[in-house]
>>> print(open('structure_32.pdb').read())   # PDB, C-alpha atoms
ATOM      1  CA  MET A 280      35.691   4.109   9.363  1.00  0.00           C
ATOM      2  CA  SER A 281      38.208   2.153   7.415  1.00  0.00           C
ATOM      3  CA  ILE A 282      37.566  -1.159   5.718  1.00  0.00           C
ATOM      4  CA  GLU A 283      40.109  -3.713   4.610  1.00  0.00           C
ATOM      5  CA  VAL A 284      39.889  -4.559   0.910  1.00  0.00           C
ATOM      6  CA  ARG A 285      41.781  -7.585  -0.400  1.00  0.00           C
ATOM      7  CA  ILE A 286      43.109  -7.067  -3.897  1.00  0.00           C
ATOM      8  CA  PRO A 287      43.672  -9.963  -6.341  1.00  0.00           C
ATOM      9  CA  THR A 288      47.036 -10.368  -8.080  1.00  0.00           C
ATOM     10  CA  ILE A 289      45.733  -9.096 -11.407  1.00  0.00           C
ATOM     11  CA  LEU A 290      44.696  -5.750  -9.897  1.00  0.00           C
ATOM     12  CA  ARG A 291      47.787  -5.206  -7.754  1.00  0.00           C
ATOM     13  CA  PRO A 292      49.497  -3.098 -10.409  1.00  0.00           C
ATOM     14  CA  TYR A 293      46.918  -0.454  -9.389  1.00  0.00           C
ATOM     15  CA  THR A 294      47.737  -0.714  -5.671  1.00  0.00           C
ATOM     16  CA  LYS A 295      51.529  -0.678  -5.947  1.00  0.00           C
ATOM     17  CA  ASP A 296      51.492  -4.437  -5.393  1.00  0.00           C
ATOM     18  CA  GLN A 297      49.711  -4.220  -2.054  1.00  0.00           C
ATOM     19  CA  LYS A 298      47.609  -7.331  -1.339  1.00  0.00           C
ATOM     20  CA  SER A 299      45.285  -5.428   0.889  1.00  0.00           C
ATOM     21  CA  VAL A 300      44.382  -1.746   1.128  1.00  0.00           C
ATOM     22  CA  GLU A 301      42.093   0.388   3.268  1.00  0.00           C
ATOM     23  CA  ALA A 302      39.067   2.227   2.001  1.00  0.00           C
ATOM     24  CA  ALA A 303      36.222   4.257   3.475  1.00  0.00           C
ATOM     25  CA  GLY A 304      32.512   4.253   2.688  1.00  0.00           C
ATOM     26  CA  ALA A 305      29.106   3.176   3.929  1.00  0.00           C
ATOM     27  CA  THR A 306      28.170   1.277   0.777  1.00  0.00           C
ATOM     28  CA  LEU A 307      30.151  -0.770  -1.717  1.00  0.00           C
ATOM     29  CA  SER A 308      29.646   1.998  -4.257  1.00  0.00           C
ATOM     30  CA  GLU A 309      31.269   4.543  -1.906  1.00  0.00           C
ATOM     31  CA  ILE A 310      34.118   2.131  -1.178  1.00  0.00           C
ATOM     32  CA  ILE A 311      34.830   1.735  -4.907  1.00  0.00           C
ATOM     33  CA  THR A 312      34.734   5.506  -5.416  1.00  0.00           C
ATOM     34  CA  ASP A 313      37.181   5.923  -2.535  1.00  0.00           C
ATOM     35  CA  LEU A 314      39.446   3.168  -3.886  1.00  0.00           C
ATOM     36  CA  ASP A 315      39.488   4.766  -7.315  1.00  0.00           C
ATOM     37  CA  SER A 316      40.416   8.150  -5.844  1.00  0.00           C
ATOM     38  CA  HIS A 317      43.542   6.611  -4.279  1.00  0.00           C
ATOM     39  CA  TYR A 318      44.316   3.999  -6.928  1.00  0.00           C
ATOM     40  CA  ALA A 319      43.374   5.569 -10.225  1.00  0.00           C
ATOM     41  CA  GLY A 320      41.945   3.149 -12.763  1.00  0.00           C
ATOM     42  CA  LEU A 321      40.853   0.525 -10.245  1.00  0.00           C
ATOM     43  CA  GLY A 322      37.213   1.635 -10.415  1.00  0.00           C
ATOM     44  CA  GLU A 323      37.155   1.074 -14.159  1.00  0.00           C
ATOM     45  CA  ARG A 324      38.331  -2.516 -13.638  1.00  0.00           C
ATOM     46  CA  LEU A 325      35.453  -3.192 -11.239  1.00  0.00           C
ATOM     47  CA  LEU A 326      32.600  -1.333 -12.909  1.00  0.00           C
ATOM     48  CA  GLU A 327      31.104  -1.232 -16.358  1.00  0.00           C
ATOM     49  CA  ASN A 328      28.327   1.211 -17.229  1.00  0.00           C
ATOM     50  CA  GLY A 329      27.814   1.902 -13.551  1.00  0.00           C
ATOM     51  CA  ALA A 330      27.346  -1.757 -12.560  1.00  0.00           C
ATOM     52  CA  LEU A 331      29.704  -4.359 -11.165  1.00  0.00           C
ATOM     53  CA  ARG A 332      31.451  -6.223 -13.942  1.00  0.00           C
ATOM     54  CA  ARG A 333      29.957  -9.648 -14.545  1.00  0.00           C
ATOM     55  CA  PHE A 334      33.260 -11.491 -14.104  1.00  0.00           C
ATOM     56  CA  ILE A 335      34.497  -9.689 -11.025  1.00  0.00           C
ATOM     57  CA  ASN A 336      33.343 -11.181  -7.738  1.00  0.00           C
ATOM     58  CA  VAL A 337      33.163  -8.971  -4.669  1.00  0.00           C
ATOM     59  CA  TYR A 338      32.500 -10.409  -1.239  1.00  0.00           C
ATOM     60  CA  ILE A 339      31.666  -8.703   2.028  1.00  0.00           C
ATOM     61  CA  ASN A 340      33.088 -11.045   4.625  1.00  0.00           C
ATOM     62  CA  ASP A 341      31.921 -14.436   3.291  1.00  0.00           C
ATOM     63  CA  GLU A 342      28.985 -13.274   1.202  1.00  0.00           C
ATOM     64  CA  ASP A 343      28.833 -12.472  -2.502  1.00  0.00           C
ATOM     65  CA  VAL A 344      27.650  -8.840  -2.785  1.00  0.00           C
ATOM     66  CA  ARG A 345      25.179  -9.865  -5.466  1.00  0.00           C
ATOM     67  CA  PHE A 346      23.106 -11.277  -2.605  1.00  0.00           C
ATOM     68  CA  LEU A 347      23.585  -8.178  -0.454  1.00  0.00           C
ATOM     69  CA  GLY A 348      22.315  -5.481  -2.789  1.00  0.00           C
ATOM     70  CA  GLY A 349      25.289  -5.202  -5.141  1.00  0.00           C
ATOM     71  CA  LEU A 350      26.764  -1.712  -5.210  1.00  0.00           C
ATOM     72  CA  GLU A 351      24.236  -0.549  -2.612  1.00  0.00           C
ATOM     73  CA  ALA A 352      25.346  -3.227  -0.125  1.00  0.00           C
ATOM     74  CA  GLN A 353      25.854  -1.671   3.311  1.00  0.00           C
ATOM     75  CA  ILE A 354      29.310  -1.788   4.802  1.00  0.00           C
ATOM     76  CA  LYS A 355      29.835  -1.683   8.540  1.00  0.00           C
ATOM     77  CA  ASP A 356      32.869  -1.143  10.663  1.00  0.00           C
ATOM     78  CA  GLY A 357      34.922  -4.312  10.896  1.00  0.00           C
ATOM     79  CA  ASP A 358      33.717  -5.739   7.569  1.00  0.00           C
ATOM     80  CA  SER A 359      36.293  -7.062   5.187  1.00  0.00           C
ATOM     81  CA  ILE A 360      35.928  -6.918   1.416  1.00  0.00           C
ATOM     82  CA  THR A 361      37.518  -9.421  -0.955  1.00  0.00           C
ATOM     83  CA  ILE A 362      37.737  -8.897  -4.712  1.00  0.00           C
ATOM     84  CA  LEU A 363      38.365 -11.961  -6.894  1.00  0.00           C
ATOM     85  CA  PRO A 364      38.235 -12.264 -10.659  1.00  0.00           C
ATOM     86  CA  ALA A 365      35.886 -15.047 -11.713  1.00  0.00           C
ATOM     87  CA  VAL A 366      37.559 -18.208 -12.901  1.00  0.00           C
ATOM     88  CA  ALA A 367      35.599 -18.727 -16.079  1.00  0.00           C
ATOM     89  CA  GLY A 368      35.866 -19.162 -19.808  1.00  0.00           C
ATOM     90  CA  GLY A 369      34.498 -21.040 -22.733  1.00  0.00           C
TER      91      GLY A 369
ATOM     92  CA  MET B 158      58.587 -21.376 -18.765  1.00  0.00           C
ATOM     93  CA  SER B 159      57.167 -24.860 -18.697  1.00  0.00           C
ATOM     94  CA  LEU B 160      54.704 -26.869 -16.668  1.00  0.00           C
ATOM     95  CA  GLU B 161      55.859 -29.913 -14.764  1.00  0.00           C
ATOM     96  CA  ILE B 162      52.957 -32.105 -13.698  1.00  0.00           C
ATOM     97  CA  PRO B 163      52.619 -35.612 -12.235  1.00  0.00           C
ATOM     98  CA  ARG B 164      51.127 -38.185 -14.615  1.00  0.00           C
ATOM     99  CA  ALA B 165      48.438 -39.071 -12.065  1.00  0.00           C
ATOM    100  CA  PHE B 166      47.023 -35.523 -12.303  1.00  0.00           C
ATOM    101  CA  VAL B 167      46.997 -35.607 -16.103  1.00  0.00           C
ATOM    102  CA  GLU B 168      45.084 -38.876 -16.012  1.00  0.00           C
ATOM    103  CA  ALA B 169      42.682 -37.625 -13.338  1.00  0.00           C
ATOM    104  CA  ILE B 170      41.911 -34.471 -15.346  1.00  0.00           C
ATOM    105  CA  LEU B 171      41.270 -36.458 -18.544  1.00  0.00           C
ATOM    106  CA  GLU B 172      39.068 -38.834 -16.573  1.00  0.00           C
ATOM    107  CA  GLN B 173      37.131 -35.901 -15.077  1.00  0.00           C
ATOM    108  CA  SER B 174      36.676 -34.477 -18.564  1.00  0.00           C
ATOM    109  CA  ARG B 175      35.174 -37.765 -19.780  1.00  0.00           C
ATOM    110  CA  ALA B 176      33.001 -38.135 -16.673  1.00  0.00           C
ATOM    111  CA  GLU B 177      31.508 -34.650 -17.009  1.00  0.00           C
ATOM    112  CA  TYR B 178      31.045 -34.830 -20.787  1.00  0.00           C
ATOM    113  CA  PRO B 179      29.265 -33.128 -22.546  1.00  0.00           C
ATOM    114  CA  ASP B 180      29.806 -30.328 -20.031  1.00  0.00           C
ATOM    115  CA  GLU B 181      33.202 -28.748 -19.658  1.00  0.00           C
ATOM    116  CA  CYS B 182      35.043 -29.747 -16.499  1.00  0.00           C
ATOM    117  CA  CYS B 183      37.364 -27.523 -14.494  1.00  0.00           C
ATOM    118  CA  GLY B 184      39.624 -27.366 -11.489  1.00  0.00           C
ATOM    119  CA  VAL B 185      42.964 -26.272 -10.104  1.00  0.00           C
ATOM    120  CA  ILE B 186      46.275 -27.637  -8.956  1.00  0.00           C
ATOM    121  CA  LEU B 187      47.788 -25.937  -5.949  1.00  0.00           C
ATOM    122  CA  GLY B 188      51.315 -25.818  -4.630  1.00  0.00           C
ATOM    123  CA  PRO B 189      53.290 -24.164  -1.848  1.00  0.00           C
ATOM    124  CA  ALA B 190      53.203 -20.362  -2.268  1.00  0.00           C
ATOM    125  CA  GLY B 191      56.091 -19.133  -4.364  1.00  0.00           C
ATOM    126  CA  SER B 192      57.183 -22.630  -5.421  1.00  0.00           C
ATOM    127  CA  GLY B 193      55.333 -22.905  -8.714  1.00  0.00           C
ATOM    128  CA  GLN B 194      55.058 -26.650  -8.051  1.00  0.00           C
ATOM    129  CA  ALA B 195      51.838 -28.422  -9.033  1.00  0.00           C
ATOM    130  CA  LEU B 196      51.313 -30.659  -6.008  1.00  0.00           C
ATOM    131  CA  ARG B 197      47.657 -30.795  -4.982  1.00  0.00           C
ATOM    132  CA  HIS B 198      44.880 -31.492  -7.475  1.00  0.00           C
ATOM    133  CA  LYS B 199      41.471 -30.072  -6.651  1.00  0.00           C
ATOM    134  CA  PRO B 200      38.631 -30.655  -9.116  1.00  0.00           C
ATOM    135  CA  MET B 201      36.009 -27.874  -9.044  1.00  0.00           C
ATOM    136  CA  ALA B 202      32.350 -27.922 -10.037  1.00  0.00           C
ATOM    137  CA  ASN B 203      31.444 -26.186 -13.287  1.00  0.00           C
ATOM    138  CA  ALA B 204      28.660 -23.907 -12.038  1.00  0.00           C
ATOM    139  CA  ALA B 205      27.729 -23.113 -15.650  1.00  0.00           C
ATOM    140  CA  HIS B 206      26.962 -26.819 -16.390  1.00  0.00           C
ATOM    141  CA  SER B 207      27.618 -26.100 -20.029  1.00  0.00           C
ATOM    142  CA  PRO B 208      29.379 -27.746 -22.973  1.00  0.00           C
ATOM    143  CA  THR B 209      30.703 -24.332 -24.070  1.00  0.00           C
ATOM    144  CA  PHE B 210      31.366 -22.472 -20.825  1.00  0.00           C
ATOM    145  CA  TYR B 211      32.825 -23.041 -17.394  1.00  0.00           C
ATOM    146  CA  GLU B 212      32.767 -20.995 -14.245  1.00  0.00           C
ATOM    147  CA  PHE B 213      33.725 -21.718 -10.658  1.00  0.00           C
ATOM    148  CA  ASP B 214      30.799 -21.037  -8.355  1.00  0.00           C
ATOM    149  CA  PRO B 215      31.547 -17.678  -6.648  1.00  0.00           C
ATOM    150  CA  LYS B 216      31.165 -19.290  -3.206  1.00  0.00           C
ATOM    151  CA  ASP B 217      33.541 -22.123  -4.139  1.00  0.00           C
ATOM    152  CA  LEU B 218      35.961 -19.547  -5.527  1.00  0.00           C
ATOM    153  CA  LEU B 219      36.124 -17.627  -2.253  1.00  0.00           C
ATOM    154  CA  ALA B 220      36.508 -20.880  -0.293  1.00  0.00           C
ATOM    155  CA  LEU B 221      39.312 -21.948  -2.629  1.00  0.00           C
ATOM    156  CA  TYR B 222      41.275 -18.723  -2.128  1.00  0.00           C
ATOM    157  CA  ARG B 223      40.721 -18.833   1.642  1.00  0.00           C
ATOM    158  CA  GLU B 224      41.884 -22.454   1.735  1.00  0.00           C
ATOM    159  CA  ALA B 225      44.978 -21.622  -0.324  1.00  0.00           C
ATOM    160  CA  ASP B 226      45.750 -18.687   1.991  1.00  0.00           C
ATOM    161  CA  ASP B 227      45.295 -20.808   5.122  1.00  0.00           C
ATOM    162  CA  ASN B 228      47.606 -23.514   3.725  1.00  0.00           C
ATOM    163  CA  ASP B 229      50.125 -20.989   2.410  1.00  0.00           C
ATOM    164  CA  GLU B 230      49.468 -22.291  -1.090  1.00  0.00           C
ATOM    165  CA  GLU B 231      49.036 -20.665  -4.470  1.00  0.00           C
ATOM    166  CA  ILE B 232      47.009 -21.657  -7.504  1.00  0.00           C
ATOM    167  CA  VAL B 233      49.597 -23.062  -9.893  1.00  0.00           C
ATOM    168  CA  VAL B 234      47.308 -24.493 -12.574  1.00  0.00           C
ATOM    169  CA  ILE B 235      43.785 -23.576 -13.680  1.00  0.00           C
ATOM    170  CA  TYR B 236      42.400 -26.161 -16.076  1.00  0.00           C
ATOM    171  CA  HIS B 237      39.272 -26.833 -18.044  1.00  0.00           C
ATOM    172  CA  SER B 238      38.190 -29.117 -20.844  1.00  0.00           C
ATOM    173  CA  HIS B 239      37.053 -28.445 -24.368  1.00  0.00           C
ATOM    174  CA  THR B 240      34.771 -31.268 -25.338  1.00  0.00           C
ATOM    175  CA  GLU B 241      34.294 -30.519 -29.041  1.00  0.00           C
ATOM    176  CA  THR B 242      37.180 -28.242 -29.978  1.00  0.00           C
ATOM    177  CA  GLU B 243      40.939 -28.179 -29.721  1.00  0.00           C
ATOM    178  CA  ALA B 244      42.775 -27.581 -26.470  1.00  0.00           C
ATOM    179  CA  TYR B 245      43.560 -23.938 -27.188  1.00  0.00           C
ATOM    180  CA  PRO B 246      42.239 -20.893 -25.262  1.00  0.00           C
ATOM    181  CA  SER B 247      39.004 -19.549 -26.721  1.00  0.00           C
ATOM    182  CA  ARG B 248      38.262 -15.836 -26.968  1.00  0.00           C
ATOM    183  CA  THR B 249      36.324 -15.983 -23.705  1.00  0.00           C
ATOM    184  CA  ASP B 250      39.157 -17.908 -22.008  1.00  0.00           C
ATOM    185  CA  ILE B 251      41.479 -15.059 -22.942  1.00  0.00           C
ATOM    186  CA  ALA B 252      39.039 -12.310 -21.988  1.00  0.00           C
ATOM    187  CA  TYR B 253      38.407 -13.720 -18.505  1.00  0.00           C
ATOM    188  CA  ALA B 254      41.881 -15.015 -17.653  1.00  0.00           C
ATOM    189  CA  GLY B 255      42.440 -13.365 -14.280  1.00  0.00           C
ATOM    190  CA  GLU B 256      45.496 -15.133 -12.854  1.00  0.00           C
ATOM    191  CA  PRO B 257      48.638 -13.873 -14.567  1.00  0.00           C
ATOM    192  CA  GLY B 258      50.797 -16.245 -12.490  1.00  0.00           C
ATOM    193  CA  ALA B 259      48.887 -19.429 -13.317  1.00  0.00           C
ATOM    194  CA  HIS B 260      49.418 -22.051 -15.995  1.00  0.00           C
ATOM    195  CA  TYR B 261      46.177 -22.280 -17.948  1.00  0.00           C
ATOM    196  CA  VAL B 262      45.785 -25.915 -18.926  1.00  0.00           C
ATOM    197  CA  LEU B 263      43.313 -27.017 -21.569  1.00  0.00           C
ATOM    198  CA  VAL B 264      42.451 -30.569 -22.334  1.00  0.00           C
ATOM    199  CA  SER B 265      40.448 -31.857 -25.237  1.00  0.00           C
ATOM    200  CA  THR B 266      38.676 -35.170 -25.417  1.00  0.00           C
ATOM    201  CA  ARG B 267      36.891 -34.386 -28.691  1.00  0.00           C
ATOM    202  CA  LYS B 268      35.759 -37.328 -30.788  1.00  0.00           C
ATOM    203  CA  GLU B 269      37.778 -36.619 -33.950  1.00  0.00           C
ATOM    204  CA  ILE B 270      41.039 -37.347 -32.204  1.00  0.00           C
ATOM    205  CA  ALA B 271      39.838 -40.256 -29.989  1.00  0.00           C
ATOM    206  CA  PRO B 272      41.317 -42.327 -28.496  1.00  0.00           C
ATOM    207  CA  SER B 273      44.085 -39.762 -28.278  1.00  0.00           C
ATOM    208  CA  THR B 274      43.617 -36.605 -26.240  1.00  0.00           C
ATOM    209  CA  GLU B 275      45.244 -33.200 -25.945  1.00  0.00           C
ATOM    210  CA  PHE B 276      46.764 -31.721 -22.809  1.00  0.00           C
ATOM    211  CA  ARG B 277      48.325 -28.292 -23.344  1.00  0.00           C
ATOM    212  CA  SER B 278      49.466 -25.455 -21.125  1.00  0.00           C
ATOM    213  CA  PHE B 279      49.441 -21.697 -21.699  1.00  0.00           C
ATOM    214  CA  ARG B 280      50.208 -18.428 -20.023  1.00  0.00           C
ATOM    215  CA  ILE B 281      47.520 -15.832 -20.614  1.00  0.00           C
ATOM    216  CA  ILE B 282      48.715 -12.364 -19.654  1.00  0.00           C
ATOM    217  CA  ASP B 283      47.096  -9.103 -20.762  1.00  0.00           C
ATOM    218  CA  GLY B 284      45.280 -10.908 -23.553  1.00  0.00           C
ATOM    219  CA  VAL B 285      48.439 -12.545 -24.906  1.00  0.00           C
ATOM    220  CA  VAL B 286      48.509 -16.348 -25.116  1.00  0.00           C
ATOM    221  CA  THR B 287      51.853 -18.131 -24.941  1.00  0.00           C
ATOM    222  CA  GLU B 288      51.992 -21.898 -25.160  1.00  0.00           C
ATOM    223  CA  GLU B 289      54.585 -23.603 -23.001  1.00  0.00           C
ATOM    224  CA  PRO B 290      55.983 -27.130 -22.899  1.00  0.00           C
ATOM    225  CA  VAL B 291      54.391 -29.685 -20.560  1.00  0.00           C
ATOM    226  CA  SER B 292      56.651 -32.128 -18.822  1.00  0.00           C
ATOM    227  CA  ILE B 293      54.837 -35.107 -17.314  1.00  0.00           C
ATOM    228  CA  SER B 294      56.596 -36.768 -14.402  1.00  0.00           C
ATOM    229  CA  ASP B 295      56.065 -40.363 -13.271  1.00  0.00           C
TER     230      ASP B 295
END
>>> encode(input="structure_32.pdb", output="structure tokens")
Amino acid sequence: MSIEVRIPTILRPYTKDQKSVEAAGATLSEIITDLDSHYAGLGERLLENGALRRFINVYINDEDVRFLGGLEAQIKDGDSITILPAVAGG
Amino acid sequence: MSLEIPRAFVEAILEQSRAEYPDECCGVILGPAGSGQALRHKPMANAAHSPTFYEFDPKDLLALYREADDNDEEIVVIYHSHTETEAYPSRTDIAYAGEPGAHYVLVSTRKEIAPSTEFRSFRIIDGVVTEEPVSISD
């Protein structure tokens, strides 16, 4: 099963400038592991101490993964994942 | 590099900053993808409701990017206000700056300089802040 993952501009240096890549996995955690195995360093930009970084937003379809179980969120065939850096500051 | 921006947007952003005081205000200006032109002003809600922090609501953020994609637009400007300090990126602004292609605009409506205001534009790339000239068009 292959899931489309949309990559924000700031992370495209890791994906050879591709806006969208494919990844496999049944949970978000597995997807990120798979992404990192193909695009080394990407995992580190998404995770910190084993948790999603506070200022990285990940959506499954239209829903923020924080409301879907975070890294344990279930991914099904046909889902689409979008990664967006938070727009935030002080 | 410089930012060219219509005067009406500058005034609207300063007005939004005053209206949302003491909280920081925020928003974007969009333009046709690849053009770099600041053509469509879209104020955003500050989900942090804070005088020292701003954040687009994650749901609004996704909707914004979807809308830009659907309209074949890009985010040209990301702005927010500093209500008590100068219009210069703070450490957190630099740490969280996630759009290397955007102009980061800061406005300040702090009391010490009233009735004047500050409206400044920066690039923030890999933690490096570069100020750029702002050209206001009528």
>>> closest_atom_pairs(input="structure_32.pdb", of="chain A", to="segment 215-228 of chain B", cutoff="9 Å", atoms="all atoms listed in the file", output="JSON lines")
{"residue": "A:Asn336", "atom": "CA", "partner": "B:Pro215", "partner_atom": "CA", "distance": 6.8}
{"residue": "A:Tyr338", "atom": "CA", "partner": "B:Leu219", "partner_atom": "CA", "distance": 8.1}
{"residue": "A:Asp341", "atom": "CA", "partner": "B:Leu219", "partner_atom": "CA", "distance": 7.7}
{"residue": "A:Glu342", "atom": "CA", "partner": "B:Lys216", "partner_atom": "CA", "distance": 7.8}
{"residue": "A:Asp343", "atom": "CA", "partner": "B:Pro215", "partner_atom": "CA", "distance": 7.2}
{"residue": "A:Thr361", "atom": "CA", "partner": "B:Leu219", "partner_atom": "CA", "distance": 8.4}
{"residue": "A:Leu363", "atom": "CA", "partner": "B:Leu219", "partner_atom": "CA", "distance": 7.7}
{"residue": "A:Ala365", "atom": "CA", "partner": "B:Pro215", "partner_atom": "CA", "distance": 7.2}
{"residue": "A:Val366", "atom": "CA", "partner": "B:Leu218", "partner_atom": "CA", "distance": 7.7}
>>> write_last_selection(input="structure_32.pdb", atoms="C-alpha atoms", output="short mmCIF file (atom, residue, chain, number, x, y, z; two decimals), keeping the file's coordinate frame")
data_model
loop_
_atom_site.label_atom_id
_atom_site.label_comp_id
_atom_site.auth_asym_id
_atom_site.auth_seq_id
_atom_site.Cartn_x
_atom_site.Cartn_y
_atom_site.Cartn_z
CA ASN A 336 33.34 -11.18 -7.74
CA TYR A 338 32.50 -10.41 -1.24
CA ASP A 341 31.92 -14.44 3.29
CA GLU A 342 28.98 -13.27 1.20
CA ASP A 343 28.83 -12.47 -2.50
CA THR A 361 37.52 -9.42 -0.96
CA LEU A 363 38.36 -11.96 -6.89
CA ALA A 365 35.89 -15.05 -11.71
CA VAL A 366 37.56 -18.21 -12.90
#
>>> interface_residues(input="structure_32.pdb", of="chain B", to="chain A", cutoff="6 Å", atoms="only C-alpha atoms", output="list in words")
Thr209, Phe210, Tyr211, Glu212, Phe213, Thr249, Asp250 and Gly255 of chain B
>>> atom_distance(input="structure_32.pdb", atom1="atom CA of Glu177 of chain B", atom2="atom CA of Glu241 of chain B")
13.0 Å
>>> resolve_selection(input="structure_32.pdb", expression="the PyMOL selection byres ((chain A and resi 293-307) around 12)", output="number ranges by chain")
A: 280-292, 308-326, 330-331, 337-339, 343-345, 347-363; B: 226
>>> resolve_selection(input="structure_32.pdb", expression="the PyMOL selection byres ((chain B and resi 264) around 10)", output="count of residues only")
26
>>> resolve_selection(input="structure_32.pdb", expression="the PyMOL selection byres ((chain B and resi 163) around 8)", output="mmCIF file with C-alpha atoms, in the coordinates of the input")
data_model
loop_
_atom_site.group_PDB
_atom_site.id
_atom_site.type_symbol
_atom_site.label_atom_id
_atom_site.label_comp_id
_atom_site.auth_asym_id
_atom_site.auth_seq_id
_atom_site.Cartn_x
_atom_site.Cartn_y
_atom_site.Cartn_z
ATOM 1 C CA GLU B 161 55.859 -29.913 -14.764
ATOM 2 C CA ILE B 162 52.957 -32.105 -13.698
ATOM 3 C CA ARG B 164 51.127 -38.185 -14.615
ATOM 4 C CA ALA B 165 48.438 -39.071 -12.065
ATOM 5 C CA PHE B 166 47.023 -35.523 -12.303
ATOM 6 C CA VAL B 167 46.997 -35.607 -16.103
ATOM 7 C CA ALA B 195 51.838 -28.422 -9.033
ATOM 8 C CA ILE B 293 54.837 -35.107 -17.314
ATOM 9 C CA SER B 294 56.596 -36.768 -14.402
ATOM 10 C CA ASP B 295 56.065 -40.363 -13.271
#
>>> axis_aligned_box(input="structure_32.pdb", around="segment 199-205 of chain B", padding_each_side="8 Å", output="lines of an AutoDock Vina configuration file")
center_x = 34.6
center_y = -26.9
center_z = -11.2
size_x = 29.7
size_y = 23.5
size_z = 25.0
>>> closest_residue(input="structure_32.pdb", among="B:Lys199, B:Tyr261, B:Lys268, B:Leu187", to="Val291 of chain B", atoms="all atoms listed in the file")
B:Tyr261
